[in-house]
Each structure stands twice: as C-alpha cells, then as structure tokens.
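Report on the structure given below.
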Amino acid sequence: MRELINIGCTSYILIDRLVSVVAPDAAPIRRMILAAKNMGKLIDATCGRKTKSVLFMDSDHVVLSCLSVEAIETKIKDCIK
C-alpha cells in the first residue's frame, strides 16, 4: 500500500515519490523554485501561508508546504514505523 502524508492545508503527497525536503531559505533553493514555476512543475500547497519547506518529488515537481522541515520529518518517521 502506498502511504500518503499530510503536508498541510489538507494536501497530501505519496511518501514513496518524495526525494527530499529542504528549507526554502538558501538562494539555490529559491532559484530551483523559480525554475520549477517557469516549467509548470511548481505546486503551491501553502494556502497563502508562509513557505516553510520545499519538497522535491521524483517527477521533477517541486511542492511548497507551510509545514516546517522538522514537522514533515516527523510525519515521515511515523509512516515508516
């Protein structure tokens, strides 16, 4: 069975499609977000809230989340148990 995790604002991703979760603070990450937006691969799941984490998927999609990196890490660890 494929596990879904909540990334905030009633948005979910498949955990087995997730490649990495990073903070949005660094300039290279902001450039990657802009590149994904220009390619039509950006998914904004923040519901207008501040972006606290950026999720990179195996499909080259970039997902913005209002949950912190630590909160998503906890959700991932809970699914793995």
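Chain lettering (A, B, ...) mirrors the order of the structure tokens, residue numbering begins at 1 for each chain separately, and ligand numbering begins at 1 in order of display.
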Which neighbours of Asp16 of chain A fall inside 12 Å, counting only C-alpha atoms, when residues of the same chain fewer than 4 positions from it are skipped, and could you give them as an MDAnalysis selection string?
chainID A and resid 1:5 20 56:59 76 79:80
Determine, counting only C-alpha atoms, which protein, DNA and RNA residues have an atom within 12 Å of an atom of Ile7 of chain A; residues of the same chain fewer than 5 positions away are not included. Present the result as a PyMOL selection string.
chain A and resi 12-15+18+21+43-47+51-55+63-76
Go through chain A and collect every residue that DSSP, computed from the backbone, puts in strand (DSSP E or B); the answer should be as a ChimeraX atom specification.
/A:4-8,11-14,18-22,42-44,53-57,62-65
Take the residues just selected and output them with N, CA and C atoms as a PDB file, in the first residue's frame.
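Written output follows (selection24.pdb):
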ATOM      1  N   LEU A   4       0.338   7.972   2.186  1.00  0.00           N
ATOM      2  CA  LEU A   4       0.182   9.406   1.999  1.00  0.00           C
ATOM      3  C   LEU A   4       0.555  10.114   3.286  1.00  0.00           C
ATOM      4  N   ILE A   5       1.206  11.274   3.166  1.00  0.00           N
ATOM      5  CA  ILE A   5       1.439  12.092   4.349  1.00  0.00           C
ATOM      6  C   ILE A   5       0.851  13.478   4.102  1.00  0.00           C
ATOM      7  N   ASN A   6       0.346  14.058   5.170  1.00  0.00           N
ATOM      8  CA  ASN A   6      -0.237  15.393   5.116  1.00  0.00           C
ATOM      9  C   ASN A   6       0.892  16.411   5.137  1.00  0.00           C
ATOM     10  N   ILE A   7       0.881  17.321   4.158  1.00  0.00           N
ATOM     11  CA  ILE A   7       1.910  18.362   4.108  1.00  0.00           C
ATOM     12  C   ILE A   7       1.330  19.724   4.452  1.00  0.00           C
ATOM     13  N   GLY A   8       0.148  19.731   5.058  1.00  0.00           N
ATOM     14  CA  GLY A   8      -0.502  20.964   5.476  1.00  0.00           C
ATOM     15  C   GLY A   8      -1.630  21.366   4.555  1.00  0.00           C
ATOM     16  N   SER A  11      -3.438  18.954   2.187  1.00  0.00           N
ATOM     17  CA  SER A  11      -2.733  18.497   0.994  1.00  0.00           C
ATOM     18  C   SER A  11      -1.876  17.297   1.374  1.00  0.00           C
ATOM     19  N   TYR A  12      -1.788  16.338   0.467  1.00  0.00           N
ATOM     20  CA  TYR A  12      -1.076  15.094   0.739  1.00  0.00           C
ATOM     21  C   TYR A  12      -0.141  14.766  -0.416  1.00  0.00           C
ATOM     22  N   ILE A  13       0.937  14.050  -0.086  1.00  0.00           N
ATOM     23  CA  ILE A  13       1.834  13.526  -1.118  1.00  0.00           C
ATOM     24  C   ILE A  13       2.073  12.049  -0.837  1.00  0.00           C
ATOM     25  N   LEU A  14       2.462  11.326  -1.873  1.00  0.00           N
ATOM     26  CA  LEU A  14       2.862   9.932  -1.699  1.00  0.00           C
ATOM     27  C   LEU A  14       4.298   9.913  -1.191  1.00  0.00           C
ATOM     28  N   LEU A  18       8.648  10.977  -2.798  1.00  0.00           N
ATOM     29  CA  LEU A  18       9.406  12.082  -2.223  1.00  0.00           C
ATOM     30  C   LEU A  18      10.907  11.807  -2.325  1.00  0.00           C
ATOM     31  N   VAL A  19      11.647  12.792  -2.822  1.00  0.00           N
ATOM     32  CA  VAL A  19      13.093  12.674  -2.948  1.00  0.00           C
ATOM     33  C   VAL A  19      13.785  13.397  -1.797  1.00  0.00           C
ATOM     34  N   SER A  20      13.376  14.648  -1.523  1.00  0.00           N
ATOM     35  CA  SER A  20      13.998  15.387  -0.433  1.00  0.00           C
ATOM     36  C   SER A  20      13.079  16.484   0.082  1.00  0.00           C
ATOM     37  N   VAL A  21      13.371  16.918   1.312  1.00  0.00           N
ATOM     38  CA  VAL A  21      12.651  18.018   1.951  1.00  0.00           C
ATOM     39  C   VAL A  21      13.698  18.996   2.450  1.00  0.00           C
ATOM     40  N   VAL A  22      13.596  20.254   2.035  1.00  0.00           N
ATOM     41  CA  VAL A  22      14.592  21.256   2.406  1.00  0.00           C
ATOM     42  C   VAL A  22      13.909  22.544   2.835  1.00  0.00           C
ATOM     43  N   LEU A  42       5.696  23.552 -10.490  1.00  0.00           N
ATOM     44  CA  LEU A  42       5.597  24.018  -9.112  1.00  0.00           C
ATOM     45  C   LEU A  42       4.176  23.806  -8.600  1.00  0.00           C
ATOM     46  N   ILE A  43       4.068  23.211  -7.409  1.00  0.00           N
ATOM     47  CA  ILE A  43       2.774  23.019  -6.750  1.00  0.00           C
ATOM     48  C   ILE A  43       2.832  23.777  -5.432  1.00  0.00           C
ATOM     49  N   ASP A  44       1.995  24.804  -5.305  1.00  0.00           N
ATOM     50  CA  ASP A  44       1.958  25.606  -4.092  1.00  0.00           C
ATOM     51  C   ASP A  44       0.853  25.070  -3.188  1.00  0.00           C
ATOM     52  N   SER A  53       8.822  24.807   3.974  1.00  0.00           N
ATOM     53  CA  SER A  53       9.608  23.692   3.439  1.00  0.00           C
ATOM     54  C   SER A  53       9.314  23.522   1.961  1.00  0.00           C
ATOM     55  N   VAL A  54      10.296  22.956   1.285  1.00  0.00           N
ATOM     56  CA  VAL A  54      10.203  22.688  -0.146  1.00  0.00           C
ATOM     57  C   VAL A  54      10.439  21.201  -0.334  1.00  0.00           C
ATOM     58  N   LEU A  55       9.495  20.549  -1.028  1.00  0.00           N
ATOM     59  CA  LEU A  55       9.585  19.113  -1.244  1.00  0.00           C
ATOM     60  C   LEU A  55       9.872  18.849  -2.714  1.00  0.00           C
ATOM     61  N   PHE A  56      10.899  18.047  -2.957  1.00  0.00           N
ATOM     62  CA  PHE A  56      11.256  17.669  -4.315  1.00  0.00           C
ATOM     63  C   PHE A  56      10.762  16.250  -4.552  1.00  0.00           C
ATOM     64  N   MET A  57      10.023  16.076  -5.652  1.00  0.00           N
ATOM     65  CA  MET A  57       9.423  14.789  -5.970  1.00  0.00           C
ATOM     66  C   MET A  57      10.200  14.118  -7.098  1.00  0.00           C
ATOM     67  N   VAL A  62       8.086  20.337  -7.798  1.00  0.00           N
ATOM     68  CA  VAL A  62       8.530  20.981  -6.567  1.00  0.00           C
ATOM     69  C   VAL A  62       7.273  21.421  -5.830  1.00  0.00           C
ATOM     70  N   VAL A  63       7.141  21.001  -4.571  1.00  0.00           N
ATOM     71  CA  VAL A  63       5.940  21.277  -3.784  1.00  0.00           C
ATOM     72  C   VAL A  63       6.319  22.188  -2.629  1.00  0.00           C
ATOM     73  N   LEU A  64       5.571  23.292  -2.489  1.00  0.00           N
ATOM     74  CA  LEU A  64       5.783  24.212  -1.377  1.00  0.00           C
ATOM     75  C   LEU A  64       4.812  23.858  -0.265  1.00  0.00           C
ATOM     76  N   SER A  65       5.318  23.819   0.965  1.00  0.00           N
ATOM     77  CA  SER A  65       4.480  23.459   2.110  1.00  0.00           C
ATOM     78  C   SER A  65       4.608  24.503   3.207  1.00  0.00           C
TER      79      SER A  65
END
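Reported to one decimal place, the separation of atom CA of Ile33 of chain A from atom CA of Gly48 of chain A is 16.0 Å.
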Could you tell me how far atom CA of Asp78 of chain A sits from atom CA of Ala36 of chain A, in Å to one decimal place?
29.1 Å
Atom-to-atom span, atom CA of Asp60 of chain A and atom CA of Met39 of chain A, Å
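These atoms are spaced 9.9 Å apart.
Nearest to Lys50 of chain A of all the residues A:Leu34, A:Ala26, A:Cys9, A:Lys81 is A:Cys9, counting only C-alpha atoms.
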Go through chain A and collect every residue that DSSP, computed from the backbone, puts in alpha helix (DSSP H); the answer should be as a list in words.
Ala27, Pro28, Ile29, Arg30, Arg31, Met32, Ile33, Leu34, Ala35, Ala36, Lys37, Asn38, Met39, Val69, Glu70, Ala71, Ile72, Glu73, Thr74, Lys75, Ile76, Lys77, Asp78, Cys79 and Ile80 of chain A
